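Scroll down for the structure; my scribbles are underneath it.
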Amino acid sequence: QCRFEIYDEQDKLYTLNEEIRDDTLAIQTSHNLTLWDIDNPKRYTLKGFINDQFVYETKFGIRTISVDRDNFYLNGKKVFLRGLNRHQSYPYVGYAMPASAQKKDADILKYELGVNIVRSSHYPPSRHFLDRCDEIGLLVFTELPGWQHIGDETWKTHALSDLKSLVIDDYNHPSIVIIGTRINESSDDHDFYTKTRDLVKSIDQSRPTGGVRFFGKSELLEDIYTVNDFVHRGDNEGLTPKKKMTKEQHPYLITEYNGHMFPTKSFDDETKRVNHALRHFKVLDDAYRMQGVMGAIGWCMNDYNTHKEFGSNDHICYHGVLDMNRNSKYAAAVYASHGDKPYMNVLSMMHIGERPAGALKEVVIATNCEKVEVLKNGKWIGTHYPSKRYKHLPHPPIIINDFVGNQIVESDRFSKRDAKRIKAIMLYMLANDLKMRLRDKLLFGYILLKYKMKYQDAVELYTKYVGGWGEEATHYTFKGYIANDCVATVHKGTNDAYRFALKPDAETLYHGDTYDVTRVTIEHLNGFDERAFYSNETLRIEALGSIELIGPSQRNLQGGIESFWIRSTSEGSGTVYVYTQNNLTITQTFEVVGK
């Protein structure tokens with residue numbers, strides 16, 4: 001005799017009774033349970049009894065998944081899949097991180113990066129990660145383990161066994177919405193991939209299957225044609241047209257882009273870090289624009305250790321929008337700006353010495369604000385709106401190429417008409433490496449004569465209003481608005497009142513069957529609370545008491561920031577000491593409690 005009970009928290013909602021006559025039992029029943037969704041990840045508990053003896057408990061969610069030639073649907077509602085791939089790799093320990101660290105990655109993806117799907121490239125992720133995805137409403141594309149290689153018949157038998165375990169073990173996770181039945185980036189193998197597909201469908205018909213390849217016109221045996229598209233090089237199309245990859249009627253999902261095409265370190269120069277972000281903007285914009293693309297999952301969430309062919313000479317793969325320690329690069333702002341909370345990130349430190357030829361040609365703002373006001377040294381110089389360059393995105397960046405505003409008009413030296421002429425000429429020169437068109441030369445010469453100005457006067461005009469030379473300091477203020485309410489303010493410019501900020505992810509660790517961990521981040525900030533991207537200060541870290549440091553005690557800031565993990569050793573308390581090279585000591589105390 002079997003009995004199943006369904007609970008919402010402590011409230012019993014349903015009791016189902018049935019007798020097992022063979023080896024298996026299936027029960028179908030109507031229900032009025034709330035559907036699990038991205039914005040409302042409602043879960044229930046099922047308890048199983050055999051002859052009144054408790055034998056099993058699981059959490060589950062109810063939802064429907066479907067796809068057509070153009071879209072992905074969750075509970076009948078169209079969802080554009082905007083996401084990132086994830087490697088669950090951590091510095092100094094590889095994959096060996098306990099539940100809290102795995103769950104934190106899910107939180108970063110959902111709440112800090114604003115994505116709605118993650119691909120667990122290229123293996124089943126930690127069960128703790130999946131549990132957290134269930135809890136917070138983060139969709140998951142999971143797949144059988146492997147990369148490019150298909151082995152012999154014995155190898156294939158093991159792969160089928162792995163896939164069967166994956167499907168059964170993860171069956172009750174409502175967050176898993178696509179199952180990958182191909183080895184990532186492998187060649188077509190009709191017989192093998194027919195077996196993998198049929199195996200999944202024999203166990204689970206509720207989820208669509210995918211199979212990630214890196215070439216077009218591949219045989220489609222799965223429900224979705226999933227493909228890695230690395231066509232974008234920074235100055236061309238973001239994605240390959242769907243018709244060049246597969247048939248128009250096939251459901252279609254981009255599963256990787258960018259990545260190795262433009263590896264970027266957190267301590268690279270500003271121009272490269274901005275270009276990294278622009279590449280992610282471009283590909284996402286094309287994905288939203290193209291008919292028949294249900295989503296795009298970028299490569300990748302975070303940097304990771306890799307083999308010698310795929311990384312820099314330090315064996316680190318710098319493909320992430322976050323560094324290895326889960327700290328953001330500029331490209332992270334592309335995704336974060338599509339989150340639900342008001343967000344604005346000015347992707348520049350606004351220092352002309354950082355730019356080639358000292359030219360502050362344009363500044364990119366990743367934001368979900370409707371408009372941004374800019375003030376220079378307290379004076380309003382313009383209001384700017386989302387760029388039409390990326391008009392297909394829900395929240396295009398705001399791109400500013402005019403930091404002159406009305407300053408020349410307000411100088412009282414020129415007529416309003418002449419001031420506008422001078423400004424237009426200077427902005428053209430700024431955008432074109434100081435080159436002037438013939439008509440501009442003639443017009444500017446006329447203005448110099450009209451106002452009895454010398455060549456040196458013209459140079460001073462440019463350096464003051466465009467070049468930014470000679471001023472005591474330049475302070476920019478950016479104000480972001482939604483529905484005419486100022487929801488974000490950012491200050492930029494020169495402010496050398498530097499300080500260190502130490503922040504742990506948690507101040508309490510829970511020591512039980514395994515150790516617990518938390519990440520501690522130290523950041524070098526200027527007076528505007530902006531990261532000092534080129535600070536590589538040397539640090540020494542010490543952990544005493546019921547905690548210990550993971551990794552070496554001697555560290556350097558990477559791009560003005562460094563994170564490290566501590567782990568519990570026993571119940572009690574512990575203290576972290578961070579010593580800077582200037583003899584500053586920063587401390588943080590932690591409690592370690594039993595679990």
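We label chains A, B, ... in the order they appear in the structure tokens, count residues from 1 in each chain, and number ligands from 1 in the order shown.
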message = Using only C-alpha atoms, which protein or nucleic acid residues come within 12 Å of Ala483 of chain A? Drop anything in the same chain fewer than 3 positions from it, and give the result as number ranges by chain.
response = A: 342, 368-372, 480, 486-487
Residues of segment 394-458 of chain A in alpha helix (DSSP H), written as a PDB file with N, CA and C atoms, in the first residue's frame:
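Result went into part02.pdb, see below:
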```pdb
ATOM      1  N   LYS A 416      25.117  82.876 -30.146  1.00  0.00           N
ATOM      2  CA  LYS A 416      24.595  81.517 -29.975  1.00  0.00           C
ATOM      3  C   LYS A 416      24.855  80.681 -31.225  1.00  0.00           C
ATOM      4  N   ARG A 417      24.697  81.296 -32.384  1.00  0.00           N
ATOM      5  CA  ARG A 417      24.892  80.583 -33.640  1.00  0.00           C
ATOM      6  C   ARG A 417      26.354  80.173 -33.817  1.00  0.00           C
ATOM      7  N   ASP A 418      27.264  81.098 -33.551  1.00  0.00           N
ATOM      8  CA  ASP A 418      28.681  80.794 -33.704  1.00  0.00           C
ATOM      9  C   ASP A 418      29.157  79.769 -32.675  1.00  0.00           C
ATOM     10  N   ALA A 419      28.596  79.864 -31.455  1.00  0.00           N
ATOM     11  CA  ALA A 419      28.961  78.889 -30.424  1.00  0.00           C
ATOM     12  C   ALA A 419      28.583  77.475 -30.854  1.00  0.00           C
ATOM     13  N   LYS A 420      27.411  77.332 -31.462  1.00  0.00           N
ATOM     14  CA  LYS A 420      26.988  76.010 -31.932  1.00  0.00           C
ATOM     15  C   LYS A 420      27.873  75.518 -33.074  1.00  0.00           C
ATOM     16  N   ARG A 421      28.307  76.454 -33.931  1.00  0.00           N
ATOM     17  CA  ARG A 421      29.208  76.080 -35.017  1.00  0.00           C
ATOM     18  C   ARG A 421      30.542  75.573 -34.467  1.00  0.00           C
ATOM     19  N   ILE A 422      31.085  76.314 -33.506  1.00  0.00           N
ATOM     20  CA  ILE A 422      32.359  75.924 -32.915  1.00  0.00           C
ATOM     21  C   ILE A 422      32.247  74.552 -32.254  1.00  0.00           C
ATOM     22  N   LYS A 423      31.170  74.355 -31.528  1.00  0.00           N
ATOM     23  CA  LYS A 423      30.970  73.067 -30.858  1.00  0.00           C
ATOM     24  C   LYS A 423      30.910  71.923 -31.874  1.00  0.00           C
ATOM     25  N   ALA A 424      30.160  72.095 -32.959  1.00  0.00           N
ATOM     26  CA  ALA A 424      30.026  71.046 -33.966  1.00  0.00           C
ATOM     27  C   ALA A 424      31.375  70.712 -34.591  1.00  0.00           C
ATOM     28  N   ILE A 425      32.184  71.748 -34.871  1.00  0.00           N
ATOM     29  CA  ILE A 425      33.506  71.516 -35.458  1.00  0.00           C
ATOM     30  C   ILE A 425      34.392  70.743 -34.489  1.00  0.00           C
ATOM     31  N   MET A 426      34.378  71.126 -33.217  1.00  0.00           N
ATOM     32  CA  MET A 426      35.228  70.481 -32.227  1.00  0.00           C
ATOM     33  C   MET A 426      34.826  69.033 -31.995  1.00  0.00           C
ATOM     34  N   LEU A 427      33.528  68.758 -31.946  1.00  0.00           N
ATOM     35  CA  LEU A 427      33.085  67.378 -31.733  1.00  0.00           C
ATOM     36  C   LEU A 427      33.444  66.500 -32.931  1.00  0.00           C
ATOM     37  N   TYR A 428      33.405  67.080 -34.140  1.00  0.00           N
ATOM     38  CA  TYR A 428      33.828  66.325 -35.319  1.00  0.00           C
ATOM     39  C   TYR A 428      35.319  66.005 -35.228  1.00  0.00           C
ATOM     40  N   MET A 429      36.104  67.002 -34.815  1.00  0.00           N
ATOM     41  CA  MET A 429      37.541  66.783 -34.656  1.00  0.00           C
ATOM     42  C   MET A 429      37.815  65.706 -33.616  1.00  0.00           C
ATOM     43  N   LEU A 430      37.064  65.736 -32.521  1.00  0.00           N
ATOM     44  CA  LEU A 430      37.242  64.739 -31.472  1.00  0.00           C
ATOM     45  C   LEU A 430      36.977  63.337 -32.003  1.00  0.00           C
ATOM     46  N   ALA A 431      35.917  63.194 -32.783  1.00  0.00           N
ATOM     47  CA  ALA A 431      35.528  61.876 -33.289  1.00  0.00           C
ATOM     48  C   ALA A 431      36.426  61.387 -34.409  1.00  0.00           C
ATOM     49  N   LEU A 438      37.352  70.593 -45.052  1.00  0.00           N
ATOM     50  CA  LEU A 438      37.696  71.878 -45.653  1.00  0.00           C
ATOM     51  C   LEU A 438      36.691  72.954 -45.269  1.00  0.00           C
ATOM     52  N   ARG A 439      35.414  72.593 -45.320  1.00  0.00           N
ATOM     53  CA  ARG A 439      34.396  73.591 -44.995  1.00  0.00           C
ATOM     54  C   ARG A 439      34.500  74.053 -43.548  1.00  0.00           C
ATOM     55  N   ASP A 440      34.901  73.121 -42.659  1.00  0.00           N
ATOM     56  CA  ASP A 440      35.074  73.487 -41.258  1.00  0.00           C
ATOM     57  C   ASP A 440      36.278  74.398 -41.067  1.00  0.00           C
ATOM     58  N   LYS A 441      37.339  74.132 -41.833  1.00  0.00           N
ATOM     59  CA  LYS A 441      38.512  74.995 -41.748  1.00  0.00           C
ATOM     60  C   LYS A 441      38.165  76.414 -42.155  1.00  0.00           C
ATOM     61  N   LEU A 442      37.416  76.547 -43.247  1.00  0.00           N
ATOM     62  CA  LEU A 442      37.028  77.876 -43.732  1.00  0.00           C
ATOM     63  C   LEU A 442      36.114  78.571 -42.726  1.00  0.00           C
ATOM     64  N   LEU A 443      35.141  77.820 -42.181  1.00  0.00           N
ATOM     65  CA  LEU A 443      34.215  78.410 -41.222  1.00  0.00           C
ATOM     66  C   LEU A 443      34.930  78.815 -39.941  1.00  0.00           C
ATOM     67  N   PHE A 444      35.834  77.966 -39.480  1.00  0.00           N
ATOM     68  CA  PHE A 444      36.538  78.276 -38.237  1.00  0.00           C
ATOM     69  C   PHE A 444      37.479  79.471 -38.433  1.00  0.00           C
ATOM     70  N   GLY A 445      38.091  79.540 -39.617  1.00  0.00           N
ATOM     71  CA  GLY A 445      38.929  80.697 -39.913  1.00  0.00           C
ATOM     72  C   GLY A 445      38.131  81.981 -39.918  1.00  0.00           C
ATOM     73  N   TYR A 446      36.932  81.901 -40.477  1.00  0.00           N
ATOM     74  CA  TYR A 446      36.041  83.081 -40.476  1.00  0.00           C
ATOM     75  C   TYR A 446      35.711  83.507 -39.047  1.00  0.00           C
ATOM     76  N   ILE A 447      35.415  82.535 -38.156  1.00  0.00           N
ATOM     77  CA  ILE A 447      35.069  82.859 -36.776  1.00  0.00           C
ATOM     78  C   ILE A 447      36.261  83.484 -36.048  1.00  0.00           C
ATOM     79  N   LEU A 448      37.461  82.966 -36.305  1.00  0.00           N
ATOM     80  CA  LEU A 448      38.659  83.540 -35.676  1.00  0.00           C
ATOM     81  C   LEU A 448      38.827  85.005 -36.078  1.00  0.00           C
ATOM     82  N   LEU A 449      38.631  85.295 -37.361  1.00  0.00           N
ATOM     83  CA  LEU A 449      38.747  86.676 -37.822  1.00  0.00           C
ATOM     84  C   LEU A 449      37.656  87.553 -37.228  1.00  0.00           C
ATOM     85  N   LYS A 450      36.445  87.021 -37.188  1.00  0.00           N
ATOM     86  CA  LYS A 450      35.303  87.789 -36.694  1.00  0.00           C
ATOM     87  C   LYS A 450      35.505  88.230 -35.256  1.00  0.00           C
ATOM     88  N   TYR A 455      45.478  81.814 -33.364  1.00  0.00           N
ATOM     89  CA  TYR A 455      45.502  80.341 -33.395  1.00  0.00           C
ATOM     90  C   TYR A 455      45.554  79.768 -31.990  1.00  0.00           C
ATOM     91  N   GLN A 456      46.353  80.395 -31.110  1.00  0.00           N
ATOM     92  CA  GLN A 456      46.480  79.899 -29.745  1.00  0.00           C
ATOM     93  C   GLN A 456      45.158  79.968 -29.008  1.00  0.00           C
ATOM     94  N   ASP A 457      44.341  80.965 -29.324  1.00  0.00           N
ATOM     95  CA  ASP A 457      43.007  81.064 -28.711  1.00  0.00           C
ATOM     96  C   ASP A 457      42.145  79.865 -29.108  1.00  0.00           C
ATOM     97  N   ALA A 458      42.262  79.450 -30.371  1.00  0.00           N
ATOM     98  CA  ALA A 458      41.496  78.295 -30.848  1.00  0.00           C
ATOM     99  C   ALA A 458      41.945  77.019 -30.143  1.00  0.00           C
TER     100      ALA A 458
END
```
Near-segment 493-500 of chain A list (10 Å; only C-alpha atoms; drop same-chain fewer than 4 positions) as a list in words = Ser348, Met349, Met350, His351, Lys376, Asn377, Glu472, Ala473, Thr474, His475, Tyr476, Thr477, Ile522, Glu523, His524, Leu525, Asn526, Gly527, Phe528, Asp529, Glu530, Arg531, Ala532, Gly560, Ile561, Thr580, Leu584 and Ile586 of chain A
Every residue of segment 283-511 of chain A that DSSP places in strand (DSSP E), as an MDAnalysis selection string = chainID A and resid 295:298 304:305 316:317 344:346 363:367 371:376 379:384 398:400 475:482 485:493 499:504 508:511
task = Skip segment 219-232 of chain A itself and residues of its chain fewer than 2 positions away, then list as number ranges by chain all residues within 7 Å of it, counting only C-alpha atoms.
result = A: 188, 194, 197, 208-214, 217, 234, 236-240, 250-258
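Atom CA of Arg273 of chain A lies 15.7 Å from atom CA of Ile352 of chain A.
Candidate residues A:Val517, A:Gly114, A:Ser175, A:Pro98 were compared for distance to Arg132 of chain A, and the nearest is A:Ser175, using only C-alpha atoms.
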request  = Using only C-alpha atoms, determine which residues lie at most 10 Å from Pro241 of chain A, disregarding the query and same-chain residues fewer than 5 positions distant; provide the list as a PyMOL selection string.
outcome  = chain A and resi 246+248+286-287+290-293
inquiry  = Residues within 12 Å of Val578 of chain A, please, as a ChimeraX atom specification. Count only C-alpha atoms; anything in the same chain fewer than 4 positions from it doesn't count.
reply    = /A:500-503,520-523,537-544,549,553-556,562-564,582-589
inquiry  = Need the shell around Gln558 of chain A: protein/DNA/RNA residues with any atom at most 7 Å away, counting only C-alpha atoms. Skip same-chain ones fewer than 5 positions apart. Format as JSON, numbers by chain?
reply    = {"A": [266, 267, 536]}
Now that the selection is made, can you save its residues with C-alpha atoms as a CSV table (one decimal), in the first residue's frame?
```
chain,number,residue,atom,x,y,z
A,266,SER,CA,39.7,42.8,-15.2
A,267,PHE,CA,42.9,44.7,-15.2
A,536,ASN,CA,47.8,46.0,-7.7
```
